[in-house]
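Report on the structure given below.
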Amino acid sequence: MSSPFDKSKLPSRHVSVGPERAPHRSYYYAMGMTEEEIARPFVAVASAGNDSAPCNTTLDPQANICREGVIEGGGTPRRFNTITVTDGIAMGHQGMKSSLVSREVIADSVELSVRGHCYDALVGFAGCDKSLPGMMMSMLRLNVPSIFVYGGSILPGTYRGEDVTVVDVFEAVGQHAAGNCPLQDLIALEKVACPGHGACGGQFTANTMACVGEAIGLSLPNSNMSPAPYKSREDIARAAGRQVMKLLEINLRPRDICTRAAFENAARVVAATGGSTNAALHLPAMASEAGIDFDLFDVAEIFKSTPYIADLKPGGKYVAKDMHEAGGVYMGMKTLLDGGFLDPEPMTVTGKTLGENIEEITWNPDQKVFYDVKAPITPTGGVVGLKGSLAPDGAIVKVAGMERLQFSGPARVFDCEEDAFEAVENRDIAEGCVIVIRYEGPKGGPGMREMLATTAALYGQGMGEKVALITDGRFSGATRGFCIGHVGPEASDGGPIALVENGDTITIDAEKGTIDLDVDQAVLETRRAAWKPRTNDYQSGALWRYAQNVGPASKGALTHPGAKSERHVFADI
């Protein structure tokens, strides 16, 4: 039977075809490969699996099963690993500076391995926050036929008859500091909050970006919400391996799938599900890899007109397992499409359009996770973009589940998260103030840390709705409360946030989308004249290199120019 693949037109010809490639083939024979296997297309199976955290522990076994699907589809799988930095463990200390940087390292390392070995297609497995966009960024950058697979979420823990997640543990730390949670209760909770394998279960960054994978067309329909421990994940992995070979046969590539309309669909799904504010960082970064202009303001404009329809933690009741049982993210997209909020035309890795995929879904009126778009939880506002005199380059806030959308108060300024957390732990934060944590941006941190430890401690003390918090850093998708991140320009670049002093009035209106520093312009100019750039402690190594190259958060915190500057794409070598 003849093969449908013409290897003379694929990247792997450079390492496997012709007399001059005999030395290369000798390495493949050394690994036990046959002449027939060497003659097939080479498919990269990239895994972010490791023992660092439960988010990543099932990825390698799933990637191994994917190999079976690649072989069934007529390809030769080549598995390799990349890193992750798991936010739940990196959170609340200097390790969090590595988190966002790891997104670039993941994308770069997958790119380099595929380039170096001339692979023809790619299936990528990821579990924890930054590994999802990092893996999808590499797919768009390389533009070989690709499928993204999420490793699946953790099942909820149970404590005193209630479902709990790791966020409950973070908040219990604040309760303990406030004297409202005995140490033995905190220890009991920490032992049951995460009962096994998988990524955090709420609509935090990992599950948000897993939904993006399906909405943007890079993942198989209703594949990503199946929890990590479920046997169905094996079938999903195998199906991805088979399907990527069909994509290779018809030459359907990530940039054919991820059009401007597809990015707009993805942003809609983020807002509709009350997803992580980090999506406003990752979507622009992914778009740049495809040569598409799609910045924070583009994302925010879509957020502004999108109904909030998914009752998911941290703003709501349910977790990813419940979303899966309700019909997955496609159930939510079904009502969004019916309401005219999605474009049905973008292609997906099924070889069909998003609209054609959604046509196969029947709305389930008995499920509890997704509201009908005609009767949403709120008409708009899962996530909101802000702009004003304090953030000329924009900021972002997650308002899902919040009752208070306006806030004005005196600033309490900190130049790093540790100082702010110490003040919270010492209950040295007054009600009504606006906590400012600065010099935590992409360049100034460096690394744009998340502030979950601080925000969760505030919530645990009962202060979550009584203060606001703004930062040029980021927030976890698990953060709740009046917390504004991505403030730009960042303090390190001399943005207005660098000029705030204790007692200045800051006014935020999440309905109007404004964030302002109520200080006379002449006063600010005097402060600016006295301001001097700061030198951080990271003057060598990966964090130094990142700080030298990283761009603004509003553009995705990118470290290279993106596809608009490329002179050729790898897939065409």
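Please note that chains go A, B, ... in the order of the structure tokens, that every chain numbers its residues from 1, and that ligands are numbered from 1 in the order shown.
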Just asking: which residues within region 172-414 of chain A are strand (DSSP E or B) according to DSSP, as a PDB file with C-alpha atoms, in the first residue's frame?
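The resulting file, states_2.pdb, is reproduced below:
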ATOM      1  CA  ALA A 199      -3.866  20.592  37.267  1.00  0.00           C
ATOM      2  CA  TYR A 308     -20.545  35.736  31.720  1.00  0.00           C
ATOM      3  CA  ALA A 310     -20.120  29.719  33.463  1.00  0.00           C
ATOM      4  CA  LEU A 312     -17.001  28.123  37.866  1.00  0.00           C
ATOM      5  CA  TYR A 318     -18.074  24.363  40.033  1.00  0.00           C
ATOM      6  CA  MET A 347     -10.980  25.797  10.948  1.00  0.00           C
ATOM      7  CA  THR A 353     -14.899  24.463  11.122  1.00  0.00           C
ATOM      8  CA  PHE A 370     -23.379  26.867  31.848  1.00  0.00           C
ATOM      9  CA  THR A 378     -24.193  38.822  34.236  1.00  0.00           C
ATOM     10  CA  VAL A 383     -12.892  39.725  32.906  1.00  0.00           C
ATOM     11  CA  VAL A 384     -12.521  43.477  32.291  1.00  0.00           C
ATOM     12  CA  GLY A 385      -9.819  45.669  30.777  1.00  0.00           C
ATOM     13  CA  LEU A 386      -8.982  48.980  32.434  1.00  0.00           C
ATOM     14  CA  LYS A 387      -7.213  52.121  31.236  1.00  0.00           C
ATOM     15  CA  GLY A 388      -6.527  55.522  32.751  1.00  0.00           C
ATOM     16  CA  ALA A 391      -2.350  52.607  33.511  1.00  0.00           C
ATOM     17  CA  PRO A 392      -2.029  54.343  30.129  1.00  0.00           C
ATOM     18  CA  ASP A 393      -0.975  51.014  28.580  1.00  0.00           C
ATOM     19  CA  GLY A 394      -3.827  49.165  30.235  1.00  0.00           C
ATOM     20  CA  ALA A 395      -4.557  46.795  33.091  1.00  0.00           C
ATOM     21  CA  ILE A 396      -6.833  43.808  33.671  1.00  0.00           C
ATOM     22  CA  VAL A 397      -9.222  42.688  36.417  1.00  0.00           C
ATOM     23  CA  LYS A 398     -11.311  39.542  36.910  1.00  0.00           C
ATOM     24  CA  GLN A 406     -16.053  50.539  41.915  1.00  0.00           C
ATOM     25  CA  PHE A 407     -13.363  51.341  44.455  1.00  0.00           C
ATOM     26  CA  SER A 408     -11.590  54.487  45.597  1.00  0.00           C
ATOM     27  CA  GLY A 409      -9.133  54.811  48.431  1.00  0.00           C
ATOM     28  CA  PRO A 410      -5.695  55.864  49.639  1.00  0.00           C
ATOM     29  CA  ALA A 411      -2.648  54.035  48.288  1.00  0.00           C
ATOM     30  CA  ARG A 412      -0.515  51.755  50.447  1.00  0.00           C
ATOM     31  CA  VAL A 413       2.662  51.267  48.458  1.00  0.00           C
ATOM     32  CA  PHE A 414       5.061  48.296  48.448  1.00  0.00           C
TER      33      PHE A 414
END
Item to check | Within 8 Å of Gly556 (chain A) using only C-alpha atoms, minus same-chain residues under 5 positions, as a list in words | outcome: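 Selected residues are Ala280, Leu281, His282, Leu283, Pro284, Ala285, Asp295, Leu296 and Gly551 of chain A.
Remark: for Ser52 (chain A), the closest of the candidate residues A:Gly401, A:Pro379, A:Gly473, A:Gly88 is A:Gly88 (distances computed over only C-alpha atoms).
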Here CA of Ile358 (chain A) and CA of Ile216 (chain A) stand apart by 12.9 Å
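Considering the residues A:Val270, A:Met135, A:Ala237, A:Ala178 and counting only C-alpha atoms, Gln203 (chain A) has its shortest atom-to-atom contact with A:Val270.
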**Item:** Residue with smallest distance to Leu155 (chain A) - pool A:Lys564, A:His197, A:Arg13, A:Arg115, counting only C-alpha atoms
**Value:**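 Answer, going by the shortest atom-to-atom distance: A:His197.
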Please identify all polymer residues within 9 Å of region 460-471 of chain A, counting only C-alpha atoms, omitting same-chain residues fewer than 4 positions from it, and present them as a PyMOL selection string.
-> chain A and resi 168+170-180+395+402-404+407-409+424+427+429-441+451+455-456+475+480-487+490+497+508
May I have the selected residues written with C-alpha atoms, as a short mmCIF file (atom, residue, chain, number, x, y, z; two decimals), in the first residue's frame?
data_model
loop_
_atom_site.label_atom_id
_atom_site.label_comp_id
_atom_site.auth_asym_id
_atom_site.auth_seq_id
_atom_site.Cartn_x
_atom_site.Cartn_y
_atom_site.Cartn_z
CA ASP A 168 -8.94 27.04 49.92
CA PHE A 170 -4.03 29.51 50.35
CA GLU A 171 -7.00 31.32 51.91
CA ALA A 172 -6.79 29.20 55.05
CA VAL A 173 -3.27 30.59 55.54
CA GLY A 174 -4.87 34.01 55.86
CA GLN A 175 -7.52 32.66 58.20
CA HIS A 176 -4.82 31.11 60.34
CA ALA A 177 -2.95 34.43 60.51
CA ALA A 178 -6.20 36.10 61.57
CA GLY A 179 -6.69 33.57 64.34
CA ASN A 180 -9.71 31.99 62.65
CA ALA A 395 -4.56 46.79 33.09
CA MET A 402 -17.70 40.24 42.44
CA GLU A 403 -20.49 42.49 43.69
CA ARG A 404 -18.47 45.68 44.06
CA PHE A 407 -13.36 51.34 44.45
CA SER A 408 -11.59 54.49 45.60
CA GLY A 409 -9.13 54.81 48.43
CA VAL A 424 -1.02 41.37 55.42
CA ARG A 427 -2.72 42.64 59.82
CA ILE A 429 -3.54 46.76 56.17
CA ALA A 430 -6.42 49.17 56.70
CA GLU A 431 -9.88 48.66 55.25
CA GLY A 432 -10.57 50.89 52.28
CA CYS A 433 -6.99 51.22 51.07
CA VAL A 434 -5.60 50.40 47.64
CA ILE A 435 -2.54 48.17 48.00
CA VAL A 436 0.06 48.91 45.33
CA ILE A 437 2.72 46.26 44.62
CA ARG A 438 5.19 47.51 42.04
CA TYR A 439 8.55 46.64 40.47
CA GLU A 440 7.05 43.20 39.83
CA GLY A 441 6.52 43.64 36.07
CA MET A 451 0.30 37.53 43.82
CA THR A 455 -4.58 38.02 47.72
CA ALA A 456 -5.60 34.69 49.23
CA PHE A 475 -2.50 37.48 39.51
CA ARG A 480 -10.55 36.63 43.62
CA GLY A 481 -11.39 40.08 44.93
CA PHE A 482 -10.72 43.55 43.56
CA CYS A 483 -7.27 42.75 42.13
CA ILE A 484 -5.91 44.59 39.11
CA GLY A 485 -2.83 43.27 37.31
CA HIS A 486 -0.69 43.97 34.22
CA VAL A 487 -0.59 47.71 35.02
CA GLU A 490 5.43 48.99 34.54
CA ILE A 497 2.65 53.30 39.08
CA ILE A 508 -11.08 52.23 39.91
#
| message | Residues near Gly447 (chain A), anyone? I mean within 9 Å using only C-alpha atoms, not counting same-chain ones fewer than 6 positions away, as a ChimeraX atom specification. | response | /A:96-101,440-441,473,543,546-547
